[in-house]
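Q: Pasting a structure below so you can have a look.
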Amino acid sequence: MSDEPIVITKKSTIGEIFSKYPETEPVFMKYFGSGCFTCPGSKTEDVAFGAMMHNVDPQQIIDELNEAIKNGAEGESNPFTGILSVDYQFI
């Protein structure tokens, strides 16, 4: 496991998080639904904007995203990871 801290903030973009940390997919599905993965804006929209659009507390999402990343870094398996595979370079 890396010693660098996990830093997902309100200003982190959805596309960047999902591309770098695919283990966060279930969190995005839980709060934003599957439309998040096909939305062209997800490449540039940040977590705070997505949370506002879905009427969710951004800190709650950030906490769960960081937890998913931490669990993935510790080698915990998530059966839902990889259900949706989106190549953001083509969106």
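Letters for chains follow the order of the structure tokens (A, B, ...), residue numbers begin at 1 for each chain, and ligand numbers begin at 1 in the order shown.
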What lies within 9 Å of range 32-35 of chain A using only C-alpha atoms, ignoring chain neighbours under 2 positions off, as a list of chain:residue names?

A: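 The filter keeps A:Val27, A:Phe28, A:Met29, A:Lys30, A:Phe37, A:Thr38, A:Cys39, A:Gly50, A:Ala51, A:Met53, A:His54, A:Leu84.
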
Q: Assign secondary structure with DSSP using the backbone only, and return the residues of range 1-81 of chain A in alpha helix (DSSP H) as a PyMOL selection string.

A: chain A and resi 14-20+25-32+35-38+47-53+58-73

Q: For CA of Pro58 in chain A and CA of Gly72 in chain A, quote the distance in Å rounded to one decimal.

A: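 Value for the CA of Pro58 in chain A-CA of Gly72 in chain A distance: 21.0 Å.
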
Q: Looking at only C-alpha atoms, which of A:Pro26, A:Tyr31, A:Ile8, A:Ile17 is the one that sits closest to Asp57 in chain A?

A: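 Distance minimum relative to Asp57 in chain A lands on A:Tyr31.
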
Q: Given the choices A:Asn66, A:Ser12, A:Val7, A:Ile61, which gets closest to Asp46 in chain A if the distance is worked out from only C-alpha atoms?

A: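 Counting only C-alpha atoms, the residue closest to Asp46 in chain A is A:Ser12.
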
Q: If we count only C-alpha atoms and set the cut-off at 7 Å, which residues sit around Lys43 in chain A, ignoring sequence neighbours fewer than 5 positions away in its own chain? Please answer as a PyMOL selection string.

A: chain A and resi 13-16

Q: For CA of Thr44 in chain A and CA of Ala68 in chain A, determine how far apart the two atoms are, in Å to one decimal place.

A: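 Computed distance, CA of Thr44 in chain A to CA of Ala68 in chain A, equals 21.4 Å.
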